[in-house]
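Trainee: First the structure, then my questions, so here it is.
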Amino acid sequence: MYEAFQGALKNGGGLPPPPIARLLGFTNPVLTPGSATIELDVDERLANPMGTLHGGVLCDIADAAMGIAYASELERGESFTTLELKINFMKPVWRGRLRAVGKVVKRGRTVGLVECDVLDDKGSLVARASSTCMTLRDEKAQGR
C-alpha cells in the first residue's frame with residue numbers, strides 16, 4: 001500500500017480504483033499529501049426508497065476520501081483502521097456529480113482526525129463527515 005500511495009504522489013496523484021470504487025462508480029481519485037478528492041456521478045441507480053441518493057453512498061464516498069487522505073501520510077510498514085465515522089447530511093441529491101474532499105486535520109503517532117466535505121456540481125455542501133483513524137504498525141499492520 002505504501003508504494004502505491006508514494007507512486008501516486010510522485011506521478012500527479014492518480015490512484016487505481018479499489019473494488020468498492022468500481023462497484024459504486026467513484027471516479028478521478030486524486031491525492032496530495034494529507035488530502036484526497038473523489039468524484040461520483042449520481043443517478044437513480046444509487047437512490048433510496050424516496051428517490052434521493054442513499055445516505056450510505058454518501059458515507060462510502062466520504063469514507064473513501066478520508067481513508068485515502070489518511071493513508072497518504074502513512075510510513076512504510078504502517079496501515080490504519082477507522083475507529084469512528086460521523087456524517088451530517090445537509091441536503092438531498094437526485095442527480096449530478098458529487099466531489100468528496102478529504103483532509104487530514106491532525107495525525108498523531110497512533111490516532112488521527114480526518115474531515116470530508118461532499119459538494120455538489122454547484123459547489124454547495126451536501127454532507128460533512130469526520131473520522132477518527134488509528135495507525136497500525138508491525139504485526140497489526142500485516143495483511144491490511
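Each chain in the C-alpha cells gets a letter, A, B and so on, in the order shown; residues start at 1 in every chain, and ligands are counted from 1 in the order they appear.
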Which residues come within 9 Å of range 56-68 of chain A, counting only C-alpha atoms, excluding same-chain residues fewer than 2 positions away, as a PyMOL selection string?

Mentor: chain A and resi 5+20-21+24+26+29+31+34-40+46+53-54+70-72+80-82+85-87+89+99-104+114-118+126-131+133
